[in-house]
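Structure below is start01.cif: mmCIF, C-alpha atoms.
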data_start
#
loop_
_atom_site.label_atom_id
_atom_site.label_comp_id
_atom_site.auth_asym_id
_atom_site.auth_seq_id
_atom_site.Cartn_x
_atom_site.Cartn_y
_atom_site.Cartn_z
CA MET A 1347 -12.51 15.27 -20.97
CA ASP A 1348 -14.98 12.39 -20.75
CA PRO A 1349 -15.98 11.80 -17.08
CA LEU A 1350 -15.01 8.13 -17.23
CA ARG A 1351 -11.62 8.96 -18.78
CA LYS A 1352 -11.07 11.66 -16.17
CA SER A 1353 -11.82 9.26 -13.31
CA SER A 1354 -9.52 6.67 -14.87
CA LEU A 1355 -6.66 9.16 -15.17
CA ILE A 1356 -7.04 10.39 -11.59
CA PHE A 1357 -7.22 6.80 -10.31
CA GLY A 1358 -4.12 5.83 -12.31
CA LEU A 1359 -2.11 8.83 -11.13
CA PHE A 1360 -2.95 8.18 -7.48
CA PHE A 1361 -2.09 4.51 -7.93
CA ALA A 1362 1.21 5.53 -9.52
CA GLY A 1363 1.76 7.68 -6.44
CA THR A 1364 1.66 4.57 -4.25
CA PHE A 1365 4.76 3.34 -6.10
CA ILE A 1366 6.44 6.72 -6.40
CA PHE A 1367 6.22 7.46 -2.68
CA SER A 1368 6.71 3.97 -1.23
CA ILE A 1369 9.86 2.77 -2.99
CA PRO A 1370 12.08 5.84 -2.33
CA ALA A 1371 11.14 5.79 1.36
CA LEU A 1372 13.14 2.60 1.98
CA PRO A 1373 16.62 4.12 1.40
CA PHE A 1374 15.79 6.96 3.79
CA TYR A 1375 14.95 4.38 6.47
CA ASP A 1376 17.97 2.16 5.86
CA LEU A 1377 20.10 3.28 8.82
CA ILE A 1378 17.30 3.29 11.35
CA LEU A 1379 16.11 -0.18 10.33
CA HIS A 1380 19.48 -1.90 10.11
CA ASN A 1381 21.62 -0.17 12.74
CA SER A 1382 20.86 -1.32 16.29
CA GLY A 1383 22.95 1.53 17.70
CA TYR A 1384 21.20 4.23 15.67
CA ILE A 1385 19.30 5.67 18.62
CA LEU A 1386 22.54 6.16 20.59
CA GLU A 1387 24.17 8.41 18.02
CA GLY A 1388 22.17 11.53 18.94
CA GLY A 1389 20.70 14.33 16.85
CA PHE A 1390 17.63 14.80 14.70
CA ASP A 1391 17.71 12.88 11.43
CA THR A 1392 16.13 14.70 8.48
CA ARG A 1393 16.59 11.62 6.28
CA VAL A 1394 14.11 9.62 8.35
CA ALA A 1395 11.76 12.60 8.45
CA THR A 1396 11.89 12.74 4.65
CA GLY A 1397 11.03 9.04 4.48
CA ALA A 1398 8.14 9.69 6.87
CA LEU A 1399 6.81 12.46 4.60
CA LEU A 1400 6.93 10.13 1.61
CA GLU A 1401 4.92 7.51 3.50
CA ILE A 1402 2.37 10.12 4.58
CA LEU A 1403 1.88 10.93 0.90
CA LEU A 1404 1.66 7.19 0.22
CA ALA A 1405 -1.16 6.86 2.75
CA ILE A 1406 -3.04 9.72 1.09
CA CYS A 1407 -2.68 8.09 -2.34
CA ASN A 1408 -3.88 4.74 -0.96
CA ILE A 1409 -7.16 6.18 0.28
CA ALA A 1410 -7.60 8.38 -2.80
CA THR A 1411 -7.48 5.40 -5.18
CA ALA A 1412 -10.41 3.78 -3.40
CA ILE A 1413 -12.46 6.98 -3.11
CA VAL A 1414 -12.04 7.84 -6.81
CA LEU A 1415 -13.01 4.31 -7.85
CA PHE A 1416 -16.02 3.91 -5.54
CA PRO A 1417 -18.60 5.79 -7.69
CA LEU A 1418 -17.65 3.65 -10.70
CA VAL A 1419 -17.86 0.22 -9.09
CA ARG A 1420 -20.50 0.54 -6.40
CA ARG A 1421 -23.15 -0.92 -8.74
CA VAL A 1422 -21.10 -4.06 -9.23
CA ARG A 1423 -21.37 -4.90 -5.54
CA GLU A 1424 -21.60 -1.94 -3.16
CA THR A 1425 -20.49 -3.97 -0.15
CA VAL A 1426 -17.29 -5.00 -1.95
CA ALA A 1427 -16.68 -1.42 -3.10
CA LEU A 1428 -17.09 -0.21 0.50
CA GLY A 1429 -14.83 -3.01 1.63
CA TYR A 1430 -12.13 -1.81 -0.74
CA VAL A 1431 -12.36 1.72 0.70
CA ALA A 1432 -12.18 0.27 4.22
CA VAL A 1433 -9.18 -1.96 3.50
CA ARG A 1434 -7.25 0.88 1.87
CA THR A 1435 -8.03 3.05 4.88
CA VAL A 1436 -6.83 0.37 7.31
CA GLU A 1437 -3.66 -0.07 5.23
CA SER A 1438 -2.99 3.66 5.44
CA VAL A 1439 -3.55 3.64 9.21
CA MET A 1440 -1.00 0.82 9.51
CA ILE A 1441 1.50 2.76 7.41
CA LEU A 1442 1.07 5.88 9.54
CA ALA A 1443 1.44 3.83 12.72
CA GLY A 1444 4.80 2.64 11.38
CA VAL A 1445 5.76 6.23 10.59
CA ILE A 1446 4.94 7.26 14.15
CA SER A 1447 7.10 4.47 15.56
CA LEU A 1448 10.16 5.46 13.51
CA MET A 1449 9.73 9.17 14.22
CA SER A 1450 9.53 8.24 17.91
CA VAL A 1451 12.99 6.68 17.57
CA VAL A 1452 14.24 9.91 16.01
CA THR A 1453 12.73 11.94 18.85
CA LEU A 1454 14.35 9.75 21.50
CA ARG A 1455 17.64 9.93 19.62
CA ALA A 1456 17.56 13.73 19.71
CA THR A 1457 16.00 14.42 23.13
CA ALA A 1458 16.64 11.45 25.43
CA PRO A 1459 17.69 12.61 28.94
CA PRO A 1460 21.37 11.93 29.71
CA GLN A 1461 20.46 9.84 32.77
CA VAL A 1462 18.80 7.19 30.59
CA SER A 1463 21.19 4.27 30.19
CA PRO A 1464 22.33 3.30 26.68
CA GLU A 1465 20.96 -0.21 27.21
CA VAL A 1466 17.45 1.05 27.99
CA LEU A 1467 17.55 3.53 25.12
CA SER A 1468 18.76 0.88 22.69
CA LEU A 1469 16.04 -1.54 23.79
CA ALA A 1470 13.37 1.13 23.32
CA GLY A 1471 14.65 1.83 19.83
CA GLN A 1472 14.65 -1.85 18.88
CA MET A 1473 11.09 -2.25 20.16
CA LEU A 1474 9.87 0.68 18.07
CA VAL A 1475 11.63 -0.63 14.95
CA ALA A 1476 10.12 -4.09 15.53
CA PHE A 1477 6.70 -2.42 15.79
CA HIS A 1478 7.32 -0.72 12.43
CA ASP A 1479 8.33 -4.03 10.83
CA TRP A 1480 5.02 -5.61 11.80
CA THR A 1481 2.96 -2.64 10.65
CA PHE A 1482 4.69 -3.05 7.28
CA MET A 1483 3.70 -6.71 7.19
CA LEU A 1484 0.13 -6.31 8.44
CA GLY A 1485 -0.46 -3.23 6.29
CA PRO A 1486 1.01 -3.43 2.77
CA GLN A 1487 1.33 -7.24 2.66
CA PHE A 1488 -2.05 -8.34 4.00
CA CYS A 1489 -4.12 -5.32 3.00
CA SER A 1490 -2.67 -5.11 -0.51
CA GLY A 1491 -3.20 -8.82 -1.02
CA PHE A 1492 -6.80 -8.70 0.15
CA GLY A 1493 -7.71 -5.18 -0.99
CA ASN A 1494 -5.78 -4.41 -4.16
CA GLY A 1495 -5.65 -8.07 -5.14
CA LEU A 1496 -8.88 -9.87 -4.30
CA LEU A 1497 -11.38 -7.01 -3.86
CA LEU A 1498 -10.10 -4.72 -6.62
CA GLY A 1499 -9.58 -7.69 -8.93
CA TYR A 1500 -13.18 -8.79 -8.36
CA LEU A 1501 -14.53 -5.28 -8.98
CA MET A 1502 -12.50 -4.89 -12.16
CA TYR A 1503 -13.44 -8.36 -13.41
CA ARG A 1504 -17.17 -7.86 -12.85
CA SER A 1505 -17.35 -4.28 -14.14
CA GLY A 1506 -15.24 -4.79 -17.25
CA LEU A 1507 -13.40 -1.51 -16.64
CA VAL A 1508 -10.20 -3.33 -17.59
CA PRO A 1509 -9.73 -6.52 -19.65
CA ARG A 1510 -10.87 -9.48 -17.61
CA ARG A 1511 -7.69 -11.41 -18.27
CA MET A 1512 -5.83 -8.55 -16.61
CA ALA A 1513 -8.21 -8.58 -13.65
CA LEU A 1514 -7.41 -12.26 -13.16
CA LEU A 1515 -3.90 -11.20 -12.14
CA GLY A 1516 -5.42 -9.56 -9.09
CA LEU A 1517 -7.70 -12.48 -8.31
CA ILE A 1518 -4.70 -14.82 -8.41
CA GLY A 1519 -1.99 -12.54 -7.05
CA GLY A 1520 -4.00 -11.18 -4.12
CA PRO A 1521 -4.51 -14.52 -2.34
CA LEU A 1522 -0.87 -15.47 -3.03
CA ALA A 1523 0.36 -12.23 -1.46
CA PHE A 1524 -1.96 -12.81 1.51
CA LEU A 1525 -0.61 -16.34 1.85
CA GLY A 1526 2.93 -14.94 1.88
CA GLY A 1527 1.98 -12.72 4.79
CA VAL A 1528 0.55 -15.70 6.67
CA LEU A 1529 3.77 -17.67 6.12
CA VAL A 1530 5.82 -14.77 7.50
CA LEU A 1531 3.43 -14.49 10.44
CA PHE A 1532 4.13 -18.12 11.40
CA GLY A 1533 7.87 -17.93 10.74
CA VAL A 1534 7.93 -20.08 7.61
CA LEU A 1535 9.27 -17.21 5.50
CA GLU A 1536 11.34 -14.17 6.39
CA GLN A 1537 10.31 -10.62 5.62
CA MET A 1538 11.97 -9.29 2.44
CA SER A 1539 12.89 -12.86 1.45
CA VAL A 1540 13.00 -14.35 -2.04
CA GLY A 1541 10.13 -16.69 -1.18
CA LEU A 1542 7.92 -13.81 -0.07
CA PHE A 1543 8.78 -11.84 -3.21
CA ALA A 1544 7.87 -14.84 -5.37
CA LEU A 1545 4.43 -15.06 -3.75
CA THR A 1546 3.93 -11.32 -4.15
CA ALA A 1547 5.12 -11.08 -7.77
CA PHE A 1548 1.68 -11.57 -9.35
CA GLU A 1549 0.26 -8.85 -7.09
CA ILE A 1550 3.01 -6.43 -8.11
CA VAL A 1551 2.44 -7.14 -11.81
CA TRP A 1552 -1.32 -6.63 -11.32
CA GLU A 1553 -0.88 -3.28 -9.61
CA LEU A 1554 1.57 -2.05 -12.24
CA SER A 1555 -0.73 -3.26 -15.03
CA ILE A 1556 -3.83 -1.49 -13.78
CA THR A 1557 -1.82 1.66 -13.12
CA PHE A 1558 -0.50 1.90 -16.67
CA TYR A 1559 -3.80 0.83 -18.20
CA ALA A 1560 -5.78 3.46 -16.30
CA ILE A 1561 -3.35 6.23 -17.24
CA VAL A 1562 -2.53 5.32 -20.84
CA LYS A 1563 -5.70 3.70 -22.20
CA GLY A 1564 -8.36 4.53 -19.65
CA PHE A 1565 -11.18 2.42 -18.28
CA ARG A 1566 -13.32 0.65 -20.85
CA PRO A 1567 -16.79 2.22 -21.33
CA ILE A 1568 -18.70 -1.04 -21.10
CA SER A 1569 -20.95 -2.77 -18.59
CA VAL A 1570 -21.34 -0.75 -15.37
CA ALA A 1571 -18.85 1.81 -16.58
CA GLY A 1572 -20.88 2.51 -19.69
CA GLU A 1573 -24.08 3.12 -17.70
CA LEU A 1574 -22.34 5.56 -15.40
CA ALA A 1575 -20.68 7.38 -18.30
CA VAL A 1576 -24.09 7.95 -19.94
CA GLN A 1577 -25.57 9.23 -16.67
CA HIS A 1578 -22.75 11.76 -16.25
#

Could you write out this file's structure as structure tokens?
Amino acid sequence: MDPLRKSSLIFGLFFAGTFIFSIPALPFYDLILHNSGYILEGGFDTRVATGALLEILLAICNIATAIVLFPLVRRVRETVALGYVAVRTVESVMILAGVISLMSVVTLRATAPPQVSPEVLSLAGQMLVAFHDWTFMLGPQFCSGFGNGLLLGYLMYRSGLVPRRMALLGLIGGPLAFLGGVLVLFGVLEQMSVGLFALTAFEIVWELSITFYAIVKGFRPISVAGELAVQH
């Protein structure tokens, strides 16, 4: 297989993994996120642990997309390419911090000493869930908007690895998604609201587009990509 096509396929599959592992995790977390008395019920919850495993795999895919892409786009602007790796790494750290907070709730649920009052235990659980909610906002919302949207869009636009009209989706959608995060941060919008989804829609379309393009068609062997393909 051509080296450029191989890199494109690996990138696309890892990017697909970010969807495959992130979306199914939400149903596994449903009870812990929306039941204030969850921590008082007792017992270890394998459903939440399964959701945690999916998000661990999500974090791995996040970082892998940036690492696979770096050799192809570093000649466009190496600082931006490094920035993309850094942002994806920070996003993954945020995701894992959220995983730790929810698994801490599960641990307290299963092993809390009997002398701990239900009120204290419930408050601890709510604090950990609130921590998770903000890692979700500061990670996927801000980092995807800035990283996958603005930085990746710029790298794709300048390199010509994908059609430039497609790359414009990232350059437009990224700042909009970032703006949505800012509005949630200041209480103008609610998390998981229609308004936030509307501001994030372009970013979602961009990420789906580049995923399918990289897997089905492959990166275009022009510009920077063409030079690297010849060298390999």

(request) Would you mind telling me which residue in A:Ser1490, A:Thr1453, A:Thr1546, A:Gln1461 lies nearest to Ile1385 in chain A when using only C-alpha atoms? (result) A:Thr1453

With the cut-off set at 10 Å and counting all atoms listed in the file, tabulate each residue of range 1409-1498 of chain A with an atom at most that distance from an atom of range 1357-1374 of chain A, showing the nearest atom pair and its distance in Å to one decimal, ordered by chain and increasing number, as CSV.
residue,atom,partner,partner_atom,distance
A:Ile1409,CA,A:Phe1360,CA,9.1
A:Ala1410,CA,A:Phe1360,CA,6.6
A:Thr1411,CA,A:Phe1357,CA,5.3
A:Ala1412,CA,A:Phe1357,CA,8.2
A:Ile1413,CA,A:Phe1357,CA,8.9
A:Val1414,CA,A:Phe1357,CA,6.0
A:Leu1415,CA,A:Phe1357,CA,6.8

How would you write, as a JSON list (two decimals) with C-alpha atoms, in the coordinates of the input, the residues chosen by the PyMOL selection byres ((chain A and resi 1450) around 12) on this structure?
[["chain", "number", "residue", "atom", "x", "y", "z"],
["A", 1378, "ILE", "CA", 17.30, 3.29, 11.35],
["A", 1385, "ILE", "CA", 19.30, 5.67, 18.62],
["A", 1390, "PHE", "CA", 17.63, 14.80, 14.70],
["A", 1391, "ASP", "CA", 17.71, 12.88, 11.43],
["A", 1394, "VAL", "CA", 14.11, 9.62, 8.35],
["A", 1395, "ALA", "CA", 11.76, 12.60, 8.45],
["A", 1398, "ALA", "CA", 8.14, 9.69, 6.87],
["A", 1443, "ALA", "CA", 1.44, 3.83, 12.72],
["A", 1444, "GLY", "CA", 4.80, 2.64, 11.38],
["A", 1445, "VAL", "CA", 5.76, 6.23, 10.59],
["A", 1446, "ILE", "CA", 4.94, 7.26, 14.15],
["A", 1447, "SER", "CA", 7.10, 4.47, 15.56],
["A", 1448, "LEU", "CA", 10.16, 5.46, 13.51],
["A", 1449, "MET", "CA", 9.73, 9.17, 14.22],
["A", 1451, "VAL", "CA", 12.99, 6.68, 17.57],
["A", 1452, "VAL", "CA", 14.24, 9.91, 16.01],
["A", 1453, "THR", "CA", 12.73, 11.94, 18.85],
["A", 1454, "LEU", "CA", 14.35, 9.75, 21.50],
["A", 1455, "ARG", "CA", 17.64, 9.93, 19.62],
["A", 1456, "ALA", "CA", 17.56, 13.73, 19.71],
["A", 1457, "THR", "CA", 16.00, 14.42, 23.13],
["A", 1458, "ALA", "CA", 16.64, 11.45, 25.43],
["A", 1467, "LEU", "CA", 17.55, 3.53, 25.12],
["A", 1470, "ALA", "CA", 13.37, 1.13, 23.32],
["A", 1471, "GLY", "CA", 14.65, 1.83, 19.83],
["A", 1472, "GLN", "CA", 14.65, -1.85, 18.88],
["A", 1473, "MET", "CA", 11.09, -2.25, 20.16],
["A", 1474, "LEU", "CA", 9.87, 0.68, 18.07],
["A", 1475, "VAL", "CA", 11.63, -0.63, 14.95],
["A", 1477, "PHE", "CA", 6.70, -2.42, 15.79],
["A", 1478, "HIS", "CA", 7.32, -0.72, 12.43]]

(request) Could you tell me which residues the PyMOL selection byres ((chain A and resi 1485) around 10) grabs in this file, written as a PyMOL selection string? (result) chain A and resi 1433-1444+1479-1484+1486-1491+1527

(message) List the spatial neighbours of Trp1552 in chain A as number ranges by chain - criterion: any atom at most 6 Å away, all atoms listed in the file, same-chain residues fewer than 2 positions off excluded.
(response) A: 1515-1516, 1549-1550, 1554-1555

Atoms to include: C-alpha atoms. Write the selected residues as a PDB file, keeping the file's coordinate frame.
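This went into again.pdb:
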ATOM      1  CA  LEU A1515      -3.900 -11.200 -12.140  1.00  0.00           C
ATOM      2  CA  GLY A1516      -5.420  -9.560  -9.090  1.00  0.00           C
ATOM      3  CA  GLU A1549       0.260  -8.850  -7.090  1.00  0.00           C
ATOM      4  CA  ILE A1550       3.010  -6.430  -8.110  1.00  0.00           C
ATOM      5  CA  LEU A1554       1.570  -2.050 -12.240  1.00  0.00           C
ATOM      6  CA  SER A1555      -0.730  -3.260 -15.030  1.00  0.00           C
TER       7      SER A1555
END

(message) Just checking: using only C-alpha atoms, which residue out of A:Leu1386, A:Val1562, A:Leu1377, A:Met1538 ends up closest to Leu1469 in chain A?
(response)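 The answer is A:Leu1386, which sits nearest to Leu1469 in chain A.
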
(request) Quote the spacing between CA of His1380 in chain A and CA of Ala1476 in chain A in Å to one decimal place. (result)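 Rounded to one decimal, the two atoms are 11.0 Å apart.
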
(message) Please compute the CA of Pro1417 in chain A-CA of Val1431 in chain A distance, one decimal, in Å.
(response) 11.2 Å

(message) So the first atom is CA of Gly1564 in chain A and the second is CA of Ser1354 in chain A; what is the distance between them in Å, to one decimal place?
(response)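 The value is 5.4 Å.
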
With all atoms listed in the file as the counted atoms, please give the residues lying no more than 12 Å from Arg1511 in chain A, apart from itself and same-chain residues fewer than 3 positions off, as an mmCIF file with C-alpha atoms, keeping the file's coordinate frame.
data_model
loop_
_atom_site.group_PDB
_atom_site.id
_atom_site.type_symbol
_atom_site.label_atom_id
_atom_site.label_comp_id
_atom_site.auth_asym_id
_atom_site.auth_seq_id
_atom_site.Cartn_x
_atom_site.Cartn_y
_atom_site.Cartn_z
ATOM 1 C CA GLY A 1499 -9.580 -7.690 -8.930
ATOM 2 C CA TYR A 1500 -13.180 -8.790 -8.360
ATOM 3 C CA MET A 1502 -12.500 -4.890 -12.160
ATOM 4 C CA TYR A 1503 -13.440 -8.360 -13.410
ATOM 5 C CA ARG A 1504 -17.170 -7.860 -12.850
ATOM 6 C CA GLY A 1506 -15.240 -4.790 -17.250
ATOM 7 C CA LEU A 1507 -13.400 -1.510 -16.640
ATOM 8 C CA VAL A 1508 -10.200 -3.330 -17.590
ATOM 9 C CA LEU A 1514 -7.410 -12.260 -13.160
ATOM 10 C CA LEU A 1515 -3.900 -11.200 -12.140
ATOM 11 C CA GLY A 1516 -5.420 -9.560 -9.090
ATOM 12 C CA LEU A 1517 -7.700 -12.480 -8.310
ATOM 13 C CA ILE A 1518 -4.700 -14.820 -8.410
ATOM 14 C CA TRP A 1552 -1.320 -6.630 -11.320
ATOM 15 C CA SER A 1555 -0.730 -3.260 -15.030
ATOM 16 C CA ILE A 1556 -3.830 -1.490 -13.780
#

(request) Choose the residue, out of A:Gly1388, A:Leu1404, A:Arg1423, A:Pro1567, that has the smallest atom-to-atom separation from Pro1459 in chain A; count all atoms listed in the file. (result) A:Gly1388

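Of the listed residues (A:Tyr1384, A:Phe1416, A:Pro1464, A:Tyr1375), A:Tyr1375 comes nearest to Leu1400 in chain A; the distances count all atoms listed in the file.
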
(request) Step by step: start from the point (-10.9, -9.8, -4.0) in the file's coordinates, keep every protein, DNA or RNA residue that has an atom no farther than 9 Å from it, count all atoms listed in the file, and write the set as a PyMOL selection string. (result) chain A and resi 1426+1430+1491-1501+1516-1517+1520-1521

Axis-aligned box for all listed atoms of range 1532-1544 of chain A, 6 Å per side, centre and edges in Å to one decimal, as lines of an AutoDock Vina configuration file:
center_x = 8.6
center_y = -14.7
center_z = 3.0
size_x = 20.9
size_y = 22.8
size_z = 28.8

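Proximity of A:Thr1425, A:Asn1408, A:Phe1558, A:Phe1524 to Leu1542 in chain A, computed with only C-alpha atoms, is greatest for A:Phe1524.
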
Would you mind writing range 1515-1525 of chain A with all heavy atoms, as a PDB file, in the frame of the given file?
ATOM      1  N   LEU A1515      -5.171 -11.346 -12.853  1.00  0.00           N
ATOM      2  CA  LEU A1515      -3.900 -11.200 -12.140  1.00  0.00           C
ATOM      3  C   LEU A1515      -4.139 -10.828 -10.688  1.00  0.00           C
ATOM      4  O   LEU A1515      -3.462 -11.320  -9.785  1.00  0.00           O
ATOM      5  CB  LEU A1515      -3.030 -10.136 -12.822  1.00  0.00           C
ATOM      6  CG  LEU A1515      -2.424 -10.480 -14.172  1.00  0.00           C
ATOM      7  CD1 LEU A1515      -1.772  -9.234 -14.780  1.00  0.00           C
ATOM      8  CD2 LEU A1515      -1.395 -11.595 -14.015  1.00  0.00           C
ATOM      9  N   GLY A1516      -5.100  -9.941 -10.457  1.00  0.00           N
ATOM     10  CA  GLY A1516      -5.420  -9.560  -9.090  1.00  0.00           C
ATOM     11  C   GLY A1516      -6.089 -10.677  -8.315  1.00  0.00           C
ATOM     12  O   GLY A1516      -5.773 -10.908  -7.141  1.00  0.00           O
ATOM     13  N   LEU A1517      -6.998 -11.392  -8.978  1.00  0.00           N
ATOM     14  CA  LEU A1517      -7.700 -12.480  -8.310  1.00  0.00           C
ATOM     15  C   LEU A1517      -6.770 -13.631  -7.950  1.00  0.00           C
ATOM     16  O   LEU A1517      -7.025 -14.377  -6.998  1.00  0.00           O
ATOM     17  CB  LEU A1517      -8.838 -12.981  -9.202  1.00  0.00           C
ATOM     18  CG  LEU A1517      -9.995 -11.990  -9.409  1.00  0.00           C
ATOM     19  CD1 LEU A1517     -10.963 -12.514 -10.467  1.00  0.00           C
ATOM     20  CD2 LEU A1517     -10.719 -11.742  -8.097  1.00  0.00           C
ATOM     21  N   ILE A1518      -5.690 -13.788  -8.716  1.00  0.00           N
ATOM     22  CA  ILE A1518      -4.700 -14.820  -8.410  1.00  0.00           C
ATOM     23  C   ILE A1518      -3.622 -14.284  -7.480  1.00  0.00           C
ATOM     24  O   ILE A1518      -3.253 -14.917  -6.490  1.00  0.00           O
ATOM     25  CB  ILE A1518      -4.054 -15.346  -9.719  1.00  0.00           C
ATOM     26  CG1 ILE A1518      -5.095 -16.044 -10.587  1.00  0.00           C
ATOM     27  CG2 ILE A1518      -2.906 -16.302  -9.412  1.00  0.00           C
ATOM     28  CD1 ILE A1518      -4.606 -16.380 -11.985  1.00  0.00           C
ATOM     29  N   GLY A1519      -3.104 -13.097  -7.823  1.00  0.00           N
ATOM     30  CA  GLY A1519      -1.990 -12.540  -7.050  1.00  0.00           C
ATOM     31  C   GLY A1519      -2.362 -12.119  -5.645  1.00  0.00           C
ATOM     32  O   GLY A1519      -1.546 -12.240  -4.725  1.00  0.00           O
ATOM     33  N   GLY A1520      -3.584 -11.624  -5.450  1.00  0.00           N
ATOM     34  CA  GLY A1520      -4.000 -11.180  -4.120  1.00  0.00           C
ATOM     35  C   GLY A1520      -3.935 -12.281  -3.077  1.00  0.00           C
ATOM     36  O   GLY A1520      -3.286 -12.124  -2.039  1.00  0.00           O
ATOM     37  N   PRO A1521      -4.598 -13.429  -3.318  1.00  0.00           N
ATOM     38  CA  PRO A1521      -4.510 -14.520  -2.340  1.00  0.00           C
ATOM     39  C   PRO A1521      -3.088 -15.031  -2.129  1.00  0.00           C
ATOM     40  O   PRO A1521      -2.726 -15.414  -1.008  1.00  0.00           O
ATOM     41  CB  PRO A1521      -5.398 -15.605  -2.980  1.00  0.00           C
ATOM     42  CG  PRO A1521      -6.383 -14.852  -3.802  1.00  0.00           C
ATOM     43  CD  PRO A1521      -5.611 -13.688  -4.356  1.00  0.00           C
ATOM     44  N   LEU A1522      -2.265 -15.028  -3.190  1.00  0.00           N
ATOM     45  CA  LEU A1522      -0.870 -15.470  -3.030  1.00  0.00           C
ATOM     46  C   LEU A1522      -0.100 -14.520  -2.122  1.00  0.00           C
ATOM     47  O   LEU A1522       0.684 -14.952  -1.262  1.00  0.00           O
ATOM     48  CB  LEU A1522      -0.194 -15.572  -4.393  1.00  0.00           C
ATOM     49  CG  LEU A1522      -0.623 -16.740  -5.287  1.00  0.00           C
ATOM     50  CD1 LEU A1522       0.064 -16.646  -6.648  1.00  0.00           C
ATOM     51  CD2 LEU A1522      -0.303 -18.081  -4.625  1.00  0.00           C
ATOM     52  N   ALA A1523      -0.310 -13.207  -2.318  1.00  0.00           N
ATOM     53  CA  ALA A1523       0.360 -12.230  -1.460  1.00  0.00           C
ATOM     54  C   ALA A1523      -0.113 -12.371  -0.014  1.00  0.00           C
ATOM     55  O   ALA A1523       0.683 -12.281   0.932  1.00  0.00           O
ATOM     56  CB  ALA A1523       0.084 -10.811  -1.970  1.00  0.00           C
ATOM     57  N   PHE A1524      -1.408 -12.607   0.166  1.00  0.00           N
ATOM     58  CA  PHE A1524      -1.960 -12.810   1.510  1.00  0.00           C
ATOM     59  C   PHE A1524      -1.350 -14.049   2.151  1.00  0.00           C
ATOM     60  O   PHE A1524      -0.975 -14.042   3.327  1.00  0.00           O
ATOM     61  CB  PHE A1524      -3.474 -12.938   1.431  1.00  0.00           C
ATOM     62  CG  PHE A1524      -4.167 -12.833   2.752  1.00  0.00           C
ATOM     63  CD1 PHE A1524      -4.643 -11.610   3.208  1.00  0.00           C
ATOM     64  CD2 PHE A1524      -4.356 -13.956   3.550  1.00  0.00           C
ATOM     65  CE1 PHE A1524      -5.288 -11.511   4.440  1.00  0.00           C
ATOM     66  CE2 PHE A1524      -4.999 -13.872   4.772  1.00  0.00           C
ATOM     67  CZ  PHE A1524      -5.465 -12.641   5.216  1.00  0.00           C
ATOM     68  N   LEU A1525      -1.223 -15.116   1.359  1.00  0.00           N
ATOM     69  CA  LEU A1525      -0.610 -16.340   1.850  1.00  0.00           C
ATOM     70  C   LEU A1525       0.838 -16.089   2.275  1.00  0.00           C
ATOM     71  O   LEU A1525       1.287 -16.611   3.300  1.00  0.00           O
ATOM     72  CB  LEU A1525      -0.639 -17.420   0.756  1.00  0.00           C
ATOM     73  CG  LEU A1525       0.109 -18.725   1.053  1.00  0.00           C
ATOM     74  CD1 LEU A1525      -0.491 -19.431   2.260  1.00  0.00           C
ATOM     75  CD2 LEU A1525       0.093 -19.636  -0.171  1.00  0.00           C
TER      76      LEU A1525
END
